[in-house]
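As stored in data15.txt (compact mmCIF, C-alpha atoms):
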# COMPACT_ATOMS: atom_id res chain seq x y z
CA MET A 1 122.09 104.86 122.07
CA MET A 2 123.44 107.23 119.43
CA LEU A 3 122.98 110.14 121.82
CA PHE A 4 124.86 108.29 124.56
CA TYR A 5 127.87 107.75 122.32
CA LEU A 6 127.69 111.33 121.02
CA PHE A 7 127.61 112.90 124.49
CA GLY A 8 130.15 110.43 125.84
CA ALA A 9 132.59 111.13 123.01
CA VAL A 10 132.23 114.88 123.50
CA ALA A 11 132.77 114.58 127.26
CA VAL A 12 135.85 112.35 126.95
CA GLY A 13 137.34 114.32 124.07
CA ALA A 14 136.86 117.67 125.77
CA SER A 15 138.31 116.32 129.03
CA LEU A 16 141.39 115.02 127.22
CA LEU A 17 141.83 118.39 125.54
CA VAL A 18 141.54 120.11 128.95
CA ILE A 19 144.56 118.06 130.01
CA ALA A 20 146.39 118.70 126.75
CA GLN A 21 145.94 122.48 126.52
CA ARG A 22 148.77 124.70 127.72
CA ASN A 23 146.64 127.85 127.85
CA PRO A 24 144.41 127.74 130.95
CA VAL A 25 141.68 129.86 129.32
CA TYR A 26 141.13 127.21 126.64
CA SER A 27 141.17 124.53 129.35
CA VAL A 28 138.34 126.25 131.23
CA LEU A 29 136.25 126.77 128.10
CA LEU A 30 136.71 123.13 127.02
CA LEU A 31 135.71 121.98 130.50
CA ILE A 32 132.45 123.94 130.13
CA LEU A 33 131.85 121.97 126.91
CA ALA A 34 132.51 118.71 128.78
CA PHE A 35 130.03 119.71 131.49
CA GLY A 36 127.42 120.46 128.84
CA ALA A 37 127.87 116.96 127.41
CA LEU A 38 127.59 115.46 130.91
CA SER A 39 124.37 117.40 131.37
CA GLY A 40 123.03 115.71 128.24
CA LEU A 41 123.96 112.34 129.75
CA TYR A 42 122.00 113.23 132.90
CA VAL A 43 118.95 113.96 130.75
CA LEU A 44 119.35 110.51 129.16
CA LEU A 45 119.44 109.07 132.69
CA ASP A 46 116.04 110.65 133.55
CA ALA A 47 117.66 113.14 135.92
CA PRO A 48 116.50 116.54 134.68
CA PHE A 49 117.14 118.22 138.06
CA VAL A 50 120.81 117.22 138.07
CA ALA A 51 121.14 118.20 134.41
CA VAL A 52 119.85 121.70 135.10
CA ILE A 53 121.96 122.35 138.20
CA GLN A 54 124.97 120.95 136.32
CA ILE A 55 124.54 123.76 133.80
CA ILE A 56 123.62 126.49 136.28
CA VAL A 57 126.01 125.70 139.13
CA TYR A 58 128.96 124.09 137.37
CA ALA A 59 129.09 125.66 133.94
CA GLY A 60 127.53 128.90 135.11
CA ALA A 61 129.06 129.61 138.50
CA ILE A 62 132.12 127.49 139.25
CA MET A 63 133.65 127.73 135.79
CA VAL A 64 133.09 131.49 135.67
CA LEU A 65 134.93 131.68 139.00
CA PHE A 66 137.81 129.73 137.45
CA LEU A 67 137.82 131.92 134.35
CA PHE A 68 137.81 135.03 136.52
CA VAL A 69 140.84 133.84 138.49
CA VAL A 70 142.72 132.79 135.33
CA MET A 71 142.24 136.24 133.83
CA LEU A 72 142.91 138.03 137.15
CA LEU A 73 146.27 136.29 137.51
CA ASN A 74 147.08 136.88 133.83
CA ALA A 75 148.20 133.27 134.07
CA PRO A 76 151.59 132.55 132.54
CA HIS A 77 151.96 129.63 130.20
CA GLU A 78 153.24 126.47 131.70
CA ASP A 79 156.97 125.79 131.45
CA THR A 80 157.83 122.89 129.16
CA GLU A 81 160.73 120.56 129.76
CA GLN A 82 162.73 122.52 127.16
CA ASP A 83 162.12 125.79 129.00
CA LEU A 84 163.30 124.27 132.23
CA HIS A 85 166.47 122.97 130.60
CA ALA A 86 167.08 126.27 128.79
CA THR A 87 166.73 128.45 131.87
CA GLY A 88 168.32 125.84 134.08
CA GLY A 89 165.26 125.71 136.29
CA ASN A 90 166.20 124.81 139.79
CA ALA A 91 167.17 121.39 141.00
CA ARG A 92 163.84 120.85 142.67
CA GLN A 93 161.87 121.56 139.49
CA ARG A 94 163.97 119.13 137.48
CA ALA A 95 163.54 116.50 140.16
CA GLY A 96 159.77 116.98 139.73
CA ALA A 97 160.01 115.62 136.17
CA GLY A 98 161.00 112.16 137.41
CA VAL A 99 158.09 112.08 139.82
CA ARG A 100 155.83 113.07 136.95
CA HIS A 101 156.82 110.08 134.82
CA PHE A 102 155.94 107.87 137.77
CA GLY A 103 152.60 109.71 138.02
CA ALA A 104 151.86 109.06 134.35
CA PHE A 105 152.54 105.37 134.91
CA LEU A 106 150.13 105.38 137.87
CA ALA A 107 147.40 107.04 135.77
CA VAL A 108 147.74 104.45 132.99
CA ALA A 109 147.67 101.68 135.60
CA LEU A 110 144.43 103.15 136.99
CA ILE A 111 142.81 103.11 133.53
CA VAL A 112 143.83 99.48 132.96
CA GLU A 113 142.65 98.40 136.38
CA LEU A 114 139.27 100.15 136.18
CA SER A 115 138.49 98.85 132.70
CA TRP A 116 139.57 95.33 133.69
CA ALA A 117 137.32 95.41 136.76
CA LEU A 118 134.36 96.71 134.76
CA LEU A 119 134.73 94.44 131.75
CA LYS A 120 135.53 91.27 133.68
CA ASN A 121 131.94 90.55 134.69
CA GLY A 122 130.19 92.93 132.33
CA GLY A 123 127.41 92.03 130.01
CA GLU A 124 124.72 90.37 132.05
CA SER A 125 124.03 93.23 134.48
CA GLY A 126 122.83 96.43 133.18
CA ALA A 127 119.55 97.27 131.59
CA PHE A 128 117.82 100.00 133.54
CA PRO A 129 114.36 99.27 134.94
CA GLY A 130 111.52 100.93 133.11
CA GLY A 131 109.53 103.77 134.57
CA SER A 132 111.13 107.00 135.65
CA VAL A 133 111.03 107.67 139.38
CA SER A 134 112.86 110.92 139.61
CA SER A 135 110.52 113.86 139.49
CA VAL A 136 111.87 117.10 140.89
CA ALA A 137 109.07 117.06 143.46
CA ALA A 138 110.27 113.69 144.79
CA ILE A 139 113.82 115.01 145.08
CA GLY A 140 112.67 118.09 146.96
CA ARG A 141 110.49 116.05 149.33
CA SER A 142 113.38 113.73 150.14
CA LEU A 143 115.87 116.57 150.42
CA PHE A 144 113.81 118.43 153.02
CA SER A 145 112.69 115.40 155.03
CA ASP A 146 115.24 112.57 155.04
CA TYR A 147 118.21 114.79 154.27
CA ALA A 148 117.16 117.95 156.12
CA PHE A 149 120.05 117.85 158.60
CA GLN A 150 122.64 117.34 155.87
CA PHE A 151 121.08 120.20 153.93
CA GLU A 152 121.49 122.55 156.88
CA VAL A 153 125.09 121.41 157.47
CA THR A 154 125.75 122.16 153.80
CA SER A 155 124.62 125.75 154.28
CA VAL A 156 127.08 126.12 157.16
CA LEU A 157 129.81 124.66 154.92
CA ILE A 158 129.08 127.25 152.24
CA LEU A 159 129.29 130.03 154.84
CA VAL A 160 132.64 128.73 156.13
CA ALA A 161 134.00 128.44 152.58
CA MET A 162 132.91 131.99 151.79
CA VAL A 163 134.56 133.45 154.90
CA GLY A 164 137.66 131.34 154.32
CA ALA A 165 138.01 132.44 150.70
CA VAL A 166 137.70 136.10 151.66
CA VAL A 167 140.29 135.76 154.45
CA LEU A 168 142.74 133.82 152.27
CA ALA A 169 142.55 136.06 149.23
CA ARG A 170 142.56 139.36 151.13
CA ARG A 171 145.58 141.54 150.55
CA GLU A 172 147.42 141.80 153.84
CA ARG A 173 147.36 145.24 155.39
CA THR A 174 150.77 146.80 155.70
CA THR A 175 151.42 147.34 159.39
CA LYS A 176 153.53 150.33 160.19
CA MET B 177 119.68 101.25 125.10
CA PRO B 178 122.88 101.99 126.98
CA THR B 179 123.15 99.91 130.12
CA LEU B 180 124.59 100.63 133.53
CA ASN B 181 127.95 99.23 132.45
CA HIS B 182 128.20 101.74 129.61
CA TYR B 183 127.85 104.59 132.06
CA LEU B 184 130.32 103.04 134.51
CA VAL B 185 132.96 102.59 131.80
CA LEU B 186 132.47 106.18 130.63
CA SER B 187 132.78 107.39 134.21
CA ALA B 188 135.97 105.36 134.71
CA ILE B 189 137.50 106.90 131.59
CA LEU B 190 136.66 110.40 132.79
CA PHE B 191 138.02 109.69 136.28
CA ALA B 192 141.29 108.33 134.88
CA THR B 193 141.57 111.41 132.65
CA GLY B 194 141.26 113.64 135.70
CA THR B 195 143.83 111.58 137.59
CA ALA B 196 146.27 111.83 134.70
CA GLY B 197 145.77 115.59 134.66
CA VAL B 198 146.56 115.90 138.37
CA PHE B 199 149.76 113.91 137.92
CA LEU B 200 150.96 115.27 134.59
CA ARG B 201 150.25 118.99 134.65
CA ARG B 202 152.34 121.55 136.48
CA ASN B 203 149.88 124.42 136.56
CA LEU B 204 147.85 124.79 139.75
CA ILE B 205 144.70 125.96 137.92
CA THR B 206 144.77 123.01 135.52
CA ILE B 207 145.19 120.67 138.49
CA LEU B 208 142.06 122.14 140.08
CA LEU B 209 140.22 121.68 136.76
CA SER B 210 141.32 118.03 136.70
CA ILE B 211 139.89 117.57 140.19
CA GLU B 212 136.58 118.95 138.86
CA ILE B 213 136.67 116.32 136.09
CA MET B 214 137.14 113.59 138.70
CA LEU B 215 134.23 114.90 140.80
CA ASN B 216 131.99 114.91 137.72
CA ALA B 217 132.95 111.35 136.85
CA VAL B 218 131.85 110.29 140.32
CA ASN B 219 128.62 112.28 139.94
CA LEU B 220 127.85 110.37 136.74
CA THR B 221 128.33 107.11 138.66
CA PHE B 222 125.93 108.25 141.38
CA VAL B 223 123.22 109.22 138.93
CA ALA B 224 123.61 106.01 136.91
CA PHE B 225 123.36 103.84 140.04
CA GLY B 226 120.41 105.87 141.29
CA ARG B 227 118.65 105.22 137.99
CA ALA B 228 119.48 101.50 138.17
CA LEU B 229 118.22 101.19 141.75
CA GLY B 230 115.15 103.33 141.13
CA THR B 231 115.72 105.83 143.93
CA VAL B 232 116.34 109.56 144.07
CA ASP B 233 119.14 109.22 146.65
CA GLY B 234 121.82 109.23 143.97
CA GLN B 235 120.70 112.59 142.67
CA ILE B 236 120.57 114.03 146.19
CA ILE B 237 124.15 112.94 146.83
CA VAL B 238 125.12 114.60 143.56
CA PHE B 239 123.55 117.79 144.91
CA PHE B 240 125.77 117.60 148.00
CA VAL B 241 128.87 116.76 145.94
CA MET B 242 128.27 119.85 143.81
CA THR B 243 127.98 121.97 146.95
CA VAL B 244 131.28 120.63 148.28
CA ALA B 245 132.85 121.16 144.85
CA ALA B 246 131.78 124.80 144.87
CA ALA B 247 133.28 125.32 148.33
CA GLU B 248 136.46 123.53 147.28
CA ALA B 249 136.80 125.66 144.14
CA ALA B 250 136.34 128.90 146.09
CA VAL B 251 138.86 128.05 148.81
CA GLY B 252 141.32 126.45 146.36
CA LEU B 253 141.30 129.45 144.05
CA ALA B 254 141.77 131.80 147.01
CA ILE B 255 144.84 129.78 148.01
CA VAL B 256 146.11 129.91 144.42
CA ILE B 257 145.75 133.70 144.40
CA GLY B 258 147.67 133.94 147.68
CA LEU B 259 150.45 131.67 146.41
CA PHE B 260 150.72 133.57 143.14
CA ARG B 261 151.13 136.84 145.04
CA HIS B 262 154.10 135.46 146.97
CA ARG B 263 155.93 133.53 144.24
CA GLU B 264 154.74 134.97 140.88
CA SER B 265 154.43 131.36 139.69
CA LEU B 266 151.75 128.71 139.32
CA ASN B 267 154.15 125.78 139.18
CA PRO B 268 153.47 123.45 142.13
CA ASP B 269 157.14 122.39 142.15
CA SER B 270 158.06 125.88 143.38
CA PHE B 271 155.87 125.55 146.50
CA THR B 272 157.76 122.87 148.39
CA THR B 273 159.23 124.65 151.39
CA LEU B 274 156.14 124.85 153.65
CA ARG B 275 157.08 128.39 154.65
CA TRP B 276 157.01 131.79 153.00
As structure tokens, how would this structure be written, given the file I've shared?
Amino acid sequence: MMLFYLFGAVAVGASLLVIAQRNPVYSVLLLILAFGALSGLYVLLDAPFVAVIQIIVYAGAIMVLFLFVVMLLNAPHEDTEQDLHATGGNARQRAGAGVRHFGAFLAVALIVELSWALLKNGGESGAFPGGSVSSVAAIGRSLFSDYAFQFEVTSVLILVAMVGAVVLARRERTTK
Amino acid sequence: MPTLNHYLVLSAILFATGTAGVFLRRNLITILLSIEIMLNAVNLTFVAFGRALGTVDGQIIVFFVMTVAAAEAAVGLAIVIGLFRHRESLNPDSFTTLRW
């Protein structure tokens, strides 16, 4: 129970700081911390396979990709409202601020609605059944029998994403 | 012992955090990071329900979600690089014309 609250607090706190940071490098590093805490939660849920691929794939591969792009672009800091007013911005950027206040209201409404729905009939449901079922061998057997077709489709998806990323990010050849 | 509801509430908080990030931030990279937070909140829900129902299907769906997230991150970051080359900006409010 203590571990659940510890990992949960780290995950929520790091996620909030990801939103609050203005420097994208710190955001990426804090998100890696949040993923580490989530991996601990997966271990508590008797899901060691998911915990390990969370670290290897998410924290190891996807976040390094993000970090690489942030440093490649030498990402500029985000403009604050004051910057926009000082430089004038353009009309469209200032109009975006009004939409953003509406977006913040929608996010708060989502939090209220989700917690209301979860707490309304909470309490009686809940305790997990005893006995762990999820060995890695069981996952592999199910993945390559029941979900074999989906697995193959996923490999095609990865191929398409790879080709698409290369085509999109390629510097266009100057035609003369 | 933490129950299923504990995990669902934690997942809802994380999902709402990601949603707030998508709405509030004006940096394309931070918006993509917020989408990753939302995907992870959903993954936590899948694993918690899989544990409650006693099957491995939840963890297999998490595997597929992670694959889609990797593809989404690669393509999304490629688009961000292309946009940055044309506009020298990461502010989504400067990409509203639907043409170069």
A:Gly13, A:Gly98, A:Gly60, A:Gly103 ranked by distance to chain B, top pick (using all atoms listed in the file):
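Ranking A:Gly13, A:Gly98, A:Gly60, A:Gly103 by distance to chain B, first place goes to A:Gly103.
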Got a sec to pull out which chain B residues are within 6 Å of chain A, counting all atoms listed in the file, and send them as a PyMOL selection string?
chain B and resi 177-181+192+196-197+199-200+228+232+247+251+254+258+269
How would the residues just chosen look if you wrote them out with C-alpha atoms as a PDB file, in the coordinates of the input?
ATOM      1  CA  MET B 177     119.680 101.250 125.100  1.00  0.00           C
ATOM      2  CA  PRO B 178     122.880 101.990 126.980  1.00  0.00           C
ATOM      3  CA  THR B 179     123.150  99.910 130.120  1.00  0.00           C
ATOM      4  CA  LEU B 180     124.590 100.630 133.530  1.00  0.00           C
ATOM      5  CA  ASN B 181     127.950  99.230 132.450  1.00  0.00           C
ATOM      6  CA  ALA B 192     141.290 108.330 134.880  1.00  0.00           C
ATOM      7  CA  ALA B 196     146.270 111.830 134.700  1.00  0.00           C
ATOM      8  CA  GLY B 197     145.770 115.590 134.660  1.00  0.00           C
ATOM      9  CA  PHE B 199     149.760 113.910 137.920  1.00  0.00           C
ATOM     10  CA  LEU B 200     150.960 115.270 134.590  1.00  0.00           C
ATOM     11  CA  ALA B 228     119.480 101.500 138.170  1.00  0.00           C
ATOM     12  CA  VAL B 232     116.340 109.560 144.070  1.00  0.00           C
ATOM     13  CA  ALA B 247     133.280 125.320 148.330  1.00  0.00           C
ATOM     14  CA  VAL B 251     138.860 128.050 148.810  1.00  0.00           C
ATOM     15  CA  ALA B 254     141.770 131.800 147.010  1.00  0.00           C
ATOM     16  CA  GLY B 258     147.670 133.940 147.680  1.00  0.00           C
ATOM     17  CA  ASP B 269     157.140 122.390 142.150  1.00  0.00           C
TER      18      ASP B 269
END
Just the number, please: distance in Å from CA of Gly234 in chain B to CA of Leu30 in chain A, one decimal.
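Going from CA of Gly234 in chain B over to CA of Leu30 in chain A covers 26.5 Å.
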Given all atoms listed in the file as the counted atoms, nearest of B:Thr272, B:Val241, B:Leu229, B:Thr195 to Asn216 in chain B:
B:Val241
Can you work out the spacing between CA of Val10 in chain A and CA of Asp233 in chain B in Å, to one decimal?
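CA of Val10 in chain A sits 27.2 Å away from CA of Asp233 in chain B.
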Taking into account all atoms listed in the file, which residue in the set B:Ile257, B:Leu215, B:Leu208, B:Ala224 is nearest to Tyr183 in chain B?
B:Ala224
Computed interatomic separation between CA of Glu212 in chain B and CA of Ala245 in chain B (Å)
7.4 Å
Find the residues near Gln235 in chain B: any atom within 7 Å, counting only C-alpha atoms, skip ones fewer than 3 places away on the same chain, and give them as a short mmCIF file (atom, residue, chain, number, x, y, z; two decimals) with C-alpha atoms, in the coordinates of the input.
data_model
loop_
_atom_site.label_atom_id
_atom_site.label_comp_id
_atom_site.auth_asym_id
_atom_site.auth_seq_id
_atom_site.Cartn_x
_atom_site.Cartn_y
_atom_site.Cartn_z
CA VAL A 50 120.81 117.22 138.07
CA PHE B 222 125.93 108.25 141.38
CA VAL B 223 123.22 109.22 138.93
CA GLY B 226 120.41 105.87 141.29
CA VAL B 232 116.34 109.56 144.07
CA VAL B 238 125.12 114.60 143.56
CA PHE B 239 123.55 117.79 144.91
#
So, counting all atoms listed in the file, which residue among B:Thr206, B:Ser187, B:Thr193, B:Thr243 is closest to Phe225 in chain B?
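Of all the options, B:Ser187 lies closest to Phe225 in chain B.
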Given the choices B:Leu184, B:Ile205, B:Ile236, B:Leu253, which gets closest to Thr221 in chain B if the distance is worked out from all atoms listed in the file?
B:Leu184
Nearest candidate to Leu220 in chain B (options B:Leu204, B:Ile189, B:Leu266, B:Ala249; using all atoms listed in the file):
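Of all the options, B:Ile189 lies closest to Leu220 in chain B.
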Find the residues near Gly194 in chain B: any atom within 7 Å, counting only C-alpha atoms, skip ones fewer than 2 places away on the same chain, and give them as a PyMOL selection string.
chain B and resi 190-192+196-198+210-211+213-214
